[in-house]
>>> print(open('run_16.txt').read())   # compact mmCIF, C-alpha atoms
# COMPACT_ATOMS: atom_id res chain seq x y z
CA MET K 1 0.00 0.00 0.00
CA SER K 2 1.38 3.41 -0.94
CA GLU K 3 1.53 6.24 1.57
CA GLU K 4 -1.43 7.83 -0.18
CA ASP K 5 -3.47 4.67 0.45
CA ALA K 6 -2.46 4.31 4.08
CA PHE K 7 -4.98 5.07 6.80
CA ASP K 8 -4.44 8.40 8.48
CA ALA K 9 -4.71 6.56 11.79
CA VAL K 10 -5.19 3.00 12.97
CA ILE K 11 -6.51 2.71 16.52
CA ILE K 12 -6.01 -0.48 18.52
CA GLY K 13 -9.01 -0.93 20.79
CA ALA K 14 -12.62 0.32 20.67
CA GLY K 15 -13.03 1.17 24.35
CA PRO K 16 -13.90 4.73 25.42
CA ALA K 17 -10.39 6.04 24.70
CA GLY K 18 -10.14 4.46 21.25
CA ALA K 19 -13.73 5.23 20.25
CA THR K 20 -13.36 8.87 21.31
CA ALA K 21 -10.18 9.23 19.27
CA ALA K 22 -11.92 7.63 16.28
CA TYR K 23 -14.93 9.95 16.62
CA VAL K 24 -12.81 13.13 16.79
CA LEU K 25 -10.60 12.00 13.90
CA ALA K 26 -13.43 10.95 11.61
CA LYS K 27 -15.41 14.10 12.38
CA GLY K 28 -12.28 16.05 11.46
CA GLY K 29 -12.15 14.34 8.05
CA ALA K 30 -9.46 11.75 8.76
CA ASN K 31 -9.48 8.24 7.29
CA VAL K 32 -9.44 6.12 10.45
CA LEU K 33 -9.64 2.39 11.19
CA VAL K 34 -10.31 0.87 14.61
CA ILE K 35 -9.37 -2.74 15.32
CA GLU K 36 -11.07 -4.36 18.33
CA ARG K 37 -10.20 -7.80 19.66
CA GLY K 38 -13.63 -8.34 21.21
CA ASN K 39 -16.70 -9.30 19.24
CA TYR K 40 -18.16 -5.88 20.02
CA ALA K 41 -17.08 -2.70 21.79
CA GLY K 42 -17.18 -3.27 25.54
CA ALA K 43 -17.03 -7.07 25.26
CA LYS K 44 -13.90 -7.29 27.42
CA ASN K 45 -14.62 -4.57 29.95
CA MET K 46 -15.72 -4.94 33.57
CA THR K 47 -15.46 -1.37 34.92
CA GLY K 48 -17.81 -0.91 37.87
CA GLY K 49 -19.56 1.67 35.80
CA ARG K 50 -19.13 5.36 36.72
CA LEU K 51 -18.56 8.06 34.14
CA TYR K 52 -17.67 11.63 35.09
CA GLY K 53 -19.28 13.41 32.16
CA HIS K 54 -17.11 16.51 31.66
CA SER K 55 -14.64 15.10 29.13
CA LEU K 56 -17.26 13.46 26.90
CA GLU K 57 -19.47 16.55 27.17
CA LYS K 58 -16.66 18.47 25.48
CA VAL K 59 -16.51 15.98 22.59
CA ILE K 60 -20.24 15.26 22.19
CA PRO K 61 -22.28 18.06 23.79
CA ASP K 62 -25.47 16.87 25.51
CA PHE K 63 -24.34 13.24 25.08
CA ALA K 64 -26.43 12.13 28.06
CA ASP K 65 -29.62 12.94 26.13
CA GLU K 66 -28.95 9.99 23.80
CA ALA K 67 -26.29 7.79 25.40
CA PRO K 68 -27.41 4.62 27.25
CA ILE K 69 -26.61 5.98 30.69
CA GLU K 70 -28.18 4.16 33.62
CA ARG K 71 -28.57 6.79 36.35
CA ILE K 72 -27.27 10.21 37.40
CA VAL K 73 -25.24 9.84 40.60
CA THR K 74 -26.89 11.87 43.36
CA THR K 75 -25.73 9.88 46.40
CA GLU K 76 -22.17 9.04 47.46
CA LYS K 77 -21.44 6.45 50.14
CA VAL K 78 -18.20 5.16 51.67
CA SER K 79 -18.27 2.25 54.13
CA PHE K 80 -15.59 0.98 56.50
CA MET K 81 -16.23 -2.70 57.10
CA GLU K 82 -15.35 -5.45 59.52
CA ALA K 83 -16.58 -9.02 59.24
CA GLN K 84 -19.95 -8.38 60.91
CA SER K 85 -20.31 -4.59 60.93
CA GLY K 86 -19.92 -1.49 58.81
CA THR K 87 -19.83 2.28 59.28
CA THR K 88 -21.07 4.34 56.35
CA MET K 89 -20.53 7.97 55.40
CA ASP K 90 -23.39 9.21 53.22
CA TYR K 91 -23.52 12.35 51.06
CA ARG K 92 -26.62 13.32 49.12
CA SER K 93 -27.33 16.59 47.39
CA ALA K 94 -30.18 18.02 45.36
CA GLU K 95 -28.17 21.10 44.39
CA PRO K 96 -28.29 21.82 40.65
CA ARG K 97 -25.20 20.71 38.74
CA THR K 98 -23.97 21.78 35.34
CA LYS K 99 -23.61 19.15 32.64
CA ASN K 100 -19.85 19.20 33.22
CA GLU K 101 -20.36 18.43 36.91
CA LYS K 102 -22.70 15.48 36.48
CA SER K 103 -21.59 11.86 36.72
CA TYR K 104 -23.44 8.77 35.60
CA THR K 105 -23.58 5.04 36.13
CA VAL K 106 -23.15 3.11 32.90
CA LEU K 107 -22.98 -0.49 31.73
CA ARG K 108 -19.89 -0.78 29.58
CA GLY K 109 -21.37 -3.13 26.99
CA PRO K 110 -24.21 -0.82 25.87
CA PHE K 111 -22.25 2.38 26.51
CA ASP K 112 -19.12 1.33 24.60
CA GLN K 113 -21.23 0.11 21.68
CA TRP K 114 -23.04 3.44 21.58
CA LEU K 115 -19.79 5.43 21.59
CA ALA K 116 -18.26 3.20 18.90
CA GLY K 117 -21.45 3.64 16.89
CA LYS K 118 -21.10 7.42 17.13
CA ALA K 119 -17.61 7.10 15.66
CA GLU K 120 -18.96 4.98 12.80
CA GLU K 121 -21.73 7.52 12.15
CA VAL K 122 -19.14 10.18 11.32
CA GLY K 123 -17.07 7.87 9.11
CA ALA K 124 -14.76 5.74 11.25
CA GLN K 125 -14.33 2.11 10.21
CA ILE K 126 -14.31 -0.52 12.97
CA ILE K 127 -13.35 -4.19 12.62
CA TYR K 128 -14.24 -6.57 15.45
CA GLY K 129 -12.88 -9.96 16.47
CA ILE K 130 -9.33 -9.25 15.26
CA ARG K 131 -6.20 -9.27 17.41
CA VAL K 132 -3.27 -7.03 16.59
CA ASP K 133 -0.12 -9.16 16.76
CA LYS K 134 2.52 -6.47 16.46
CA ILE K 135 3.33 -2.91 15.52
CA VAL K 136 5.13 -2.48 12.18
CA LYS K 137 8.12 -0.13 11.90
CA ASP K 138 10.15 1.04 8.92
CA ASP K 139 13.94 0.84 8.67
CA ASN K 140 14.28 4.08 10.63
CA GLY K 141 12.23 2.81 13.54
CA LYS K 142 9.14 4.87 12.75
CA VAL K 143 5.80 3.14 13.30
CA VAL K 144 4.08 2.75 9.94
CA GLY K 145 1.26 0.31 10.64
CA ILE K 146 0.14 -2.85 12.38
CA GLU K 147 0.05 -6.56 11.68
CA ALA K 148 -3.18 -8.41 12.48
CA ASP K 149 -3.88 -12.06 11.67
CA GLY K 150 -0.94 -12.07 9.27
CA ASP K 151 -2.08 -9.00 7.33
CA VAL K 152 -0.19 -5.71 7.41
CA ILE K 153 -2.25 -2.52 7.53
CA ASP K 154 -0.38 0.69 6.78
CA ALA K 155 -1.02 3.83 8.80
CA LYS K 156 0.44 7.29 9.06
CA CYS K 157 -0.10 7.05 12.80
CA VAL K 158 -1.03 4.26 15.22
CA ILE K 159 -2.92 4.99 18.45
CA ILE K 160 -2.62 2.28 21.08
CA ALA K 161 -5.75 1.93 23.23
CA GLU K 162 -5.30 -1.72 24.10
CA GLY K 163 -6.28 -1.46 27.77
CA ALA K 164 -4.51 -2.30 31.01
CA ASN K 165 -2.74 -5.38 29.65
CA SER K 166 -0.50 -3.21 27.48
CA ILE K 167 1.52 -5.82 25.62
CA LEU K 168 2.06 -3.77 22.45
CA THR K 169 3.21 -0.74 24.44
CA GLU K 170 5.88 -2.89 26.08
CA GLN K 171 6.87 -4.46 22.75
CA LEU K 172 7.56 -0.99 21.39
CA GLY K 173 9.80 -0.21 24.34
CA LEU K 174 7.62 2.69 25.45
CA ALA K 175 6.99 1.33 28.96
CA THR K 176 9.14 3.27 31.42
CA ARG K 177 8.82 0.38 33.87
CA PRO K 178 7.73 -3.19 33.13
CA MET K 179 4.18 -4.05 34.11
CA ASP K 180 4.42 -5.75 37.49
CA PRO K 181 2.03 -6.71 40.30
CA SER K 182 2.75 -3.53 42.26
CA THR K 183 1.16 -1.39 39.54
CA MET K 184 -1.96 -3.48 38.93
CA ALA K 185 -5.05 -4.72 40.71
CA VAL K 186 -7.36 -7.59 39.86
CA GLY K 187 -11.10 -7.23 40.11
CA ALA K 188 -14.21 -9.39 39.97
CA LYS K 189 -17.71 -8.05 39.36
CA GLU K 190 -21.27 -9.30 39.21
CA LEU K 191 -24.23 -7.64 37.57
CA ILE K 192 -27.27 -8.37 39.74
CA GLU K 193 -30.68 -7.75 38.20
CA PHE K 194 -33.96 -6.78 39.90
CA PRO K 195 -37.58 -6.28 38.81
CA SER K 196 -38.40 -2.82 37.47
CA GLY K 197 -38.68 -0.24 40.26
CA GLU K 198 -36.91 -2.38 42.86
CA VAL K 199 -33.62 -0.43 42.77
CA GLU K 200 -35.45 2.78 43.73
CA LYS K 201 -37.08 1.02 46.70
CA ARG K 202 -33.93 -0.60 48.02
CA PHE K 203 -31.73 2.47 47.81
CA GLY K 204 -34.30 5.21 48.49
CA LEU K 205 -33.94 6.80 45.08
CA ALA K 206 -36.20 8.83 42.84
CA LYS K 207 -36.46 7.80 39.21
CA GLY K 208 -33.18 8.38 37.39
CA GLU K 209 -31.16 8.96 40.58
CA GLY K 210 -28.20 6.72 41.39
CA VAL K 211 -25.77 5.68 44.12
CA ALA K 212 -22.00 5.29 43.94
CA TRP K 213 -20.80 3.28 46.95
CA LEU K 214 -17.23 2.30 47.86
CA PHE K 215 -16.20 -0.10 50.66
CA ALA K 216 -12.89 -0.53 52.52
CA GLY K 217 -11.74 -3.26 54.89
CA THR K 218 -13.05 -6.80 54.68
CA PRO K 219 -14.17 -6.69 50.99
CA SER K 220 -10.50 -7.03 49.95
CA ASN K 221 -9.71 -9.22 52.98
CA GLY K 222 -7.97 -6.34 54.76
CA LEU K 223 -5.55 -5.87 51.86
CA MET K 224 -5.05 -2.93 49.50
CA GLY K 225 -8.26 -2.66 47.52
CA GLY K 226 -11.95 -2.57 48.33
CA GLY K 227 -15.48 -3.11 47.13
CA PHE K 228 -17.84 -1.09 44.96
CA LEU K 229 -21.54 -0.89 44.19
CA TYR K 230 -23.17 1.21 41.48
CA THR K 231 -26.90 1.34 40.87
CA ASN K 232 -28.20 0.90 37.33
CA LYS K 233 -31.75 1.19 36.01
CA ASP K 234 -32.80 -2.30 37.08
CA SER K 235 -29.56 -3.79 38.39
CA VAL K 236 -26.49 -3.12 40.49
CA SER K 237 -22.84 -3.54 39.57
CA LEU K 238 -21.17 -5.13 42.59
CA GLY K 239 -17.52 -6.07 42.82
CA VAL K 240 -14.19 -6.19 44.62
CA VAL K 241 -10.69 -5.11 43.64
CA CYS K 242 -7.45 -6.25 45.27
CA GLY K 243 -3.88 -5.18 44.57
CA LEU K 244 -2.21 -7.86 42.49
CA ALA K 245 0.95 -7.70 44.57
CA HIS K 246 -1.06 -8.63 47.68
CA ILE K 247 -2.97 -11.62 46.34
CA GLY K 248 -0.23 -13.96 47.54
CA ASP K 249 -0.68 -12.63 51.09
CA SER K 250 -4.36 -13.46 51.15
CA ASN K 251 -6.01 -16.62 52.44
CA LYS K 252 -8.89 -15.90 50.07
CA SER K 253 -9.11 -15.86 46.31
CA VAL K 254 -10.69 -12.83 44.64
CA PRO K 255 -13.88 -14.82 43.80
CA LYS K 256 -14.09 -15.82 47.48
CA MET K 257 -13.67 -12.17 48.50
CA LEU K 258 -16.58 -11.27 46.25
CA GLU K 259 -18.74 -14.06 47.64
CA ASP K 260 -18.05 -13.00 51.24
CA PHE K 261 -18.67 -9.36 50.30
CA LYS K 262 -22.10 -10.31 48.92
CA ASN K 263 -22.95 -12.00 52.22
CA HIS K 264 -21.79 -9.16 54.46
CA PRO K 265 -24.65 -7.83 56.65
CA VAL K 266 -24.33 -4.36 55.07
CA VAL K 267 -24.53 -5.68 51.51
CA LYS K 268 -26.70 -8.79 51.67
CA PRO K 269 -30.04 -7.00 52.24
CA LEU K 270 -29.30 -4.73 49.28
CA ILE K 271 -28.94 -7.58 46.78
CA GLU K 272 -31.11 -10.31 48.31
CA GLY K 273 -33.48 -11.80 45.77
CA GLY K 274 -31.60 -10.33 42.82
CA LYS K 275 -30.53 -12.43 39.86
CA MET K 276 -26.87 -12.59 38.87
CA VAL K 277 -26.81 -12.11 35.07
CA GLU K 278 -23.13 -11.38 34.45
CA TYR K 279 -19.79 -12.23 36.05
CA SER K 280 -16.46 -10.82 34.89
CA GLY K 281 -12.87 -10.34 35.98
CA HIS K 282 -10.22 -7.94 34.79
CA MET K 283 -6.90 -6.27 35.60
CA VAL K 284 -6.98 -2.59 36.53
CA PRO K 285 -4.08 -0.08 36.45
CA GLU K 286 -3.50 1.29 39.96
CA ALA K 287 -0.23 3.24 39.99
CA GLY K 288 -1.46 6.29 38.08
CA ILE K 289 1.22 8.60 36.75
CA ASN K 290 3.89 6.37 38.31
CA MET K 291 3.21 3.72 35.67
CA CYS K 292 2.70 5.96 32.64
CA PRO K 293 4.75 4.83 29.65
CA LYS K 294 6.33 7.19 27.15
CA LEU K 295 3.16 8.49 25.54
CA TYR K 296 4.40 9.15 22.00
CA ALA K 297 7.14 8.25 19.53
CA ASP K 298 7.59 8.43 15.77
CA GLY K 299 4.19 7.50 14.32
CA VAL K 300 2.56 6.28 17.55
CA MET K 301 0.72 7.44 20.71
CA VAL K 302 -0.62 5.62 23.79
CA ILE K 303 -3.97 6.48 25.40
CA GLY K 304 -6.42 5.33 28.09
CA ASP K 305 -5.70 2.39 30.40
CA ALA K 306 -2.72 1.44 28.22
CA ALA K 307 -1.17 4.72 29.40
CA GLY K 308 -2.05 4.00 33.05
CA PHE K 309 -4.61 6.80 33.17
CA CYS K 310 -6.50 5.84 36.33
CA ILE K 311 -6.91 7.55 39.70
CA ASN K 312 -8.03 5.72 42.84
CA GLN K 313 -8.58 8.28 45.59
CA GLY K 314 -10.12 5.75 47.96
CA PHE K 315 -13.39 7.69 48.15
CA THR K 316 -13.80 7.79 44.38
CA VAL K 317 -12.29 6.02 41.37
CA ARG K 318 -11.69 7.64 38.00
CA GLY K 319 -10.69 6.18 34.67
CA LEU K 320 -13.31 6.77 31.99
CA ASP K 321 -13.05 10.57 31.99
CA LEU K 322 -9.26 10.33 31.75
CA ALA K 323 -9.48 7.80 28.92
CA ILE K 324 -11.93 9.92 26.94
CA GLY K 325 -9.84 13.05 27.47
CA SER K 326 -6.66 11.30 26.29
CA GLY K 327 -8.44 9.97 23.18
CA ASP K 328 -9.60 13.49 22.34
CA TYR K 329 -6.12 15.01 22.72
CA ALA K 330 -4.46 12.24 20.73
CA ALA K 331 -6.93 12.72 17.88
CA GLN K 332 -6.29 16.46 17.84
CA ALA K 333 -2.55 15.77 17.59
CA VAL K 334 -3.13 13.54 14.55
CA LEU K 335 -5.32 16.14 12.84
CA GLU K 336 -2.57 18.73 13.29
CA ALA K 337 0.05 16.28 12.03
CA LEU K 338 -2.05 15.63 8.91
CA LYS K 339 -1.98 19.31 8.03
CA ARG K 340 1.84 19.28 8.07
CA ASN K 341 2.20 15.68 6.88
CA ASP K 342 4.58 15.18 9.80
CA PHE K 343 4.05 12.25 12.18
CA SER K 344 7.44 12.37 13.84
CA ALA K 345 7.80 12.24 17.59
CA ASN K 346 8.51 15.96 17.54
CA ALA K 347 5.18 16.64 15.80
CA LEU K 348 3.20 14.30 18.05
CA ARG K 349 4.62 15.82 21.20
CA VAL K 350 1.67 18.20 21.13
CA TYR K 351 -0.35 15.28 22.53
CA GLN K 352 1.74 15.24 25.71
CA THR K 353 1.71 19.03 25.88
CA ARG K 354 -2.07 19.16 25.76
CA LEU K 355 -2.35 16.41 28.35
CA GLU K 356 -0.06 18.37 30.66
CA GLN K 357 -2.19 21.49 30.22
CA SER K 358 -5.39 19.58 30.92
CA PHE K 359 -7.07 17.87 33.88
CA VAL K 360 -5.63 14.51 32.75
CA MET K 361 -1.98 14.96 33.69
CA GLN K 362 -2.59 17.66 36.28
CA ASP K 363 -4.92 15.39 38.27
CA LEU K 364 -2.63 12.39 37.82
CA GLN K 365 0.28 14.50 39.08
CA LEU K 366 -1.77 15.80 42.01
CA TYR K 367 -2.47 12.26 43.26
CA LYS K 368 0.88 10.69 42.36
CA ASP K 369 1.63 9.77 45.99
CA LEU K 370 -1.68 8.03 46.67
CA PRO K 371 -0.67 4.55 45.42
CA ALA K 372 2.24 4.47 47.88
CA PHE K 373 0.01 5.77 50.67
CA PHE K 374 -2.49 2.95 50.04
CA GLU K 375 0.24 0.40 50.75
CA ASN K 376 -0.40 1.16 54.44
CA ASP K 377 -2.38 -1.84 55.74
CA ARG K 378 -3.78 0.18 58.65
CA LEU K 379 -6.12 1.82 56.14
CA PHE K 380 -7.80 -1.53 55.47
CA ASN K 381 -7.60 -3.06 58.93
CA ALA K 382 -7.02 -0.74 61.89
CA TYR K 383 -9.14 2.17 60.72
CA PRO K 384 -12.24 0.16 59.75
CA LYS K 385 -11.95 -1.52 63.15
CA LEU K 386 -11.57 1.90 64.80
CA MET K 387 -14.64 3.35 63.05
CA ASN K 388 -16.86 0.39 63.85
CA GLY K 389 -15.58 0.17 67.41
CA ILE K 390 -16.45 3.81 68.08
CA MET K 391 -19.92 3.34 66.59
CA ARG K 392 -20.49 0.27 68.73
CA ASP K 393 -19.40 2.11 71.87
CA VAL K 394 -21.74 4.99 71.07
CA PHE K 395 -24.88 3.07 70.11
CA VAL K 396 -24.81 -0.25 72.01
CA ILE K 397 -26.18 -0.01 75.56
CA GLY K 398 -25.95 -2.95 77.94
CA GLU K 399 -26.54 -3.61 81.62
CA LYS K 400 -23.10 -2.37 82.67
CA PRO K 401 -22.80 1.28 83.76
CA SER K 402 -21.76 3.55 80.91
CA GLU K 403 -18.28 5.00 80.68
CA PRO K 404 -17.62 8.62 79.63
CA LEU K 405 -17.49 8.86 75.85
CA ARG K 406 -14.02 10.42 75.99
CA LYS K 407 -12.75 7.31 77.78
CA LYS K 408 -14.27 5.03 75.16
CA LEU K 409 -12.73 7.10 72.36
CA PHE K 410 -9.33 7.10 74.03
CA LYS K 411 -9.34 3.30 74.26
CA ARG K 412 -10.15 2.93 70.58
CA LEU K 413 -7.62 5.51 69.44
CA LYS K 414 -4.95 3.90 71.59
CA GLU K 415 -5.47 0.60 69.76
CA VAL K 416 -4.33 2.24 66.52
CA GLY K 417 -1.63 4.28 68.19
CA PHE K 418 -1.48 8.07 68.37
CA ILE K 419 1.90 8.24 66.62
CA ASN K 420 0.58 6.02 63.83
CA MET K 421 -2.48 8.21 63.37
CA LEU K 422 -0.42 11.40 63.27
CA LYS K 423 1.94 9.85 60.77
CA ASP K 424 -0.92 8.56 58.60
CA ALA K 425 -2.72 11.92 58.77
CA TYR K 426 0.47 13.69 57.65
CA ASN K 427 1.20 11.27 54.81
CA GLY K 428 -2.44 11.18 53.75
CA GLY K 429 -2.64 14.96 53.76
CA LYS K 430 0.37 15.15 51.45
CA ALA K 431 -1.06 12.48 49.14
CA ILE K 432 -4.42 14.17 48.59
>>> encode(input="run_16.txt", output="C-alpha cells")
Amino acid sequence: MSEEDAFDAVIIGAGPAGATAAYVLAKGGANVLVIERGNYAGAKNMTGGRLYGHSLEKVIPDFADEAPIERIVTTEKVSFMEAQSGTTMDYRSAEPRTKNEKSYTVLRGPFDQWLAGKAEEVGAQIIYGIRVDKIVKDDNGKVVGIEADGDVIDAKCVIIAEGANSILTEQLGLATRPMDPSTMAVGAKELIEFPSGEVEKRFGLAKGEGVAWLFAGTPSNGLMGGGFLYTNKDSVSLGVVCGLAHIGDSNKSVPKMLEDFKNHPVVKPLIEGGKMVEYSGHMVPEAGINMCPKLYADGVMVIGDAAGFCINQGFTVRGLDLAIGSGDYAAQAVLEALKRNDFSANALRVYQTRLEQSFVMQDLQLYKDLPAFFENDRLFNAYPKLMNGIMRDVFVIGEKPSEPLRKKLFKRLKEVGFINMLKDAYNGGKAI
C-alpha cells in the first residue's frame, strides 16, 4: 500500500479512549480504522460503571440525552467494614449541577457500543474480532502500521488503546517500567438484576437517581483494595478489587472475597433476591502517573488504560473521563500532524503538551503519591476496626454502667496508636 493509500490513523481498541479518538478524527475528516479484539465494543470490559461526564461533554455536547446511561449519581457512600459490621458515610445533594459536573452510572457493553457507533456515524471504520499481533516499523524505527492475523495494515499514525494489559506498548519499548504486580489490581464483578422499580425502593432513590458506593476493609480481605456498588436502572454492579501484589498474602481468592462481600450484613439485604446475570474479571491499572509509559514516539501514541490513566482516591475512582480526554487530545494531535504531513515524535509531542495542560496529567500529578500511601495496611484493617468500634461504643447499651465517651474514644484511638495516626494523617494529607 502506498503512503497515499495508508490510513491516516489505525486505533487499537474500541473502548472509550479508542472510540473517542476515532470519533474526533473521523469528524475532522481523517481516514481512520479501529481494530477491536472483542466481538463488540465493551465485550472485554468490567469497569464498575461510573462516568464523570465533563470530558465526553466536550466531545459530544449533551451526550447524556442519547447515550445509554443508567442513572445520574446523586448519592455518594463510603463504608468501613469489619466481618460483621460497617460504618457508612453518606452524602446526598439536590443542588443543581452543570452538565460538566454530572456523573453517571453506565454499563460498559451498551455504553461502549453506543460510543463506537457514534464514531462509525461520522465515518470511522471498525473491525471486530481481530487481534493485533505487532506494531510495524520502517527501517528508521518509525511506526508505519500494524500486523493483524498475518495482514499488514499501513497507517500514518497508530494509536494504542489496548487497555490495562498493554503488551504492544511494552513491545515498542515505550513502557518506562515493566508491568508488574505492584502497579496493577485484579477485580471481579457481578451484575445483579432486579424487577423494574426495585432499585429505587432498596436504595431510596427517585427515578433516574443513582448511588455510587465504595467499601474498605473486609471486601478485599484487609488488603489494599476494596469493594464497589453502582446502581443501574434495574440492576447493580457489585464487585471487589485487590492489589495484584497482595494476592499472595491473602487466604482468600478474589472470587471468594466477592462471595463474602455479597454476604456481608451491610450488603446482603441490598442484593437479596436479585438475579446474577453477568460475572467478569479484569486487571486494573493502579499506579497512576507512576506507571505511565512514554506516551508518544515516531508514528505512535498511547492512550487510556494502556497509558495507566486511572486515579483511585479511595473515596472515588476515575478512569473513563481520563481515557476519553486522552483519546480526544491524541486525535487532535493527529489532525494537526495531517496538516503538516509530519508524524514524527517531535510533531506528536503536542499530545503530551495538551495532556499536561489539561485535567488529565494535572490530576494524575496531584495524586501521584496516593498509590504508595495505600500500601499502608492500617487503612484496610485498623481504621475500619476503629470506626466500627467507636460506633459500637456509642450506640450499644448494655446492663453495665456507661463510661464517659471520651474514655471510650481514648481506648479505641490507643489501639491504633497516636503516633501512627499522626503519621498517617500527615502522609495522607500530602497524598491528597
>>> residues_around(input="run_16.txt", residues="stretch 112-118 of chain K", least_positions_apart="3", cutoff="6 Å", atoms="all atoms listed in the file", output="list in words")
Ala19, Ala41, Gly42, Arg108, Gly109 and Glu121 of chain K
>>> closest_atom_pairs(input="run_16.txt", of="stretch 248-324 of chain K", to="stretch 90-107 of chain K", cutoff="12 Å", atoms="all atoms listed in the file", output="CSV")
residue,atom,partner,partner_atom,distance
K:Glu278,CA,K:Leu107,CA,11.2
K:Phe315,CA,K:Asp90,CA,11.3
K:Thr316,CA,K:Ser103,CA,11.7
K:Val317,CA,K:Ser103,CA,11.9
K:Arg318,CA,K:Ser103,CA,10.8
K:Leu320,CA,K:Val106,CA,10.5
K:Asp321,CA,K:Ser103,CA,9.8
>>> atom_distance(input="run_16.txt", atom1="atom CA of K:Gly217", atom2="atom CA of K:Leu51")
24.6 Å
>>> atom_distance(input="run_16.txt", atom1="atom CA of K:Leu364", atom2="atom CA of K:Ile289")
5.5 Å
>>> residues_near_point(input="run_16.txt", point="(-11.1, 0.7, 18.0)", cutoff="10 Å", atoms="all atoms listed in the file", output="number ranges by chain")
K: 10-22, 32-38, 40-41, 116, 119, 124-128, 159-162
>>> atom_distance(input="run_16.txt", atom1="atom CA of K:Gln313", atom2="atom CA of K:Pro68")
26.5 Å
>>> closest_residue(input="run_16.txt", among="K:Leu244, K:Thr183, K:Pro265, K:Asn376", to="K:Phe309", atoms="all atoms listed in the file")
K:Thr183
>>> closest_residue(input="run_16.txt", among="K:Ile153, K:Leu270, K:Ala6, K:Ala331", to="K:Glu200", atoms="only C-alpha atoms")
K:Leu270
>>> closest_residue(input="run_16.txt", among="K:Gly243, K:Gly208, K:Gly53, K:Gly274", to="K:Pro195", atoms="all atoms listed in the file")
K:Gly274
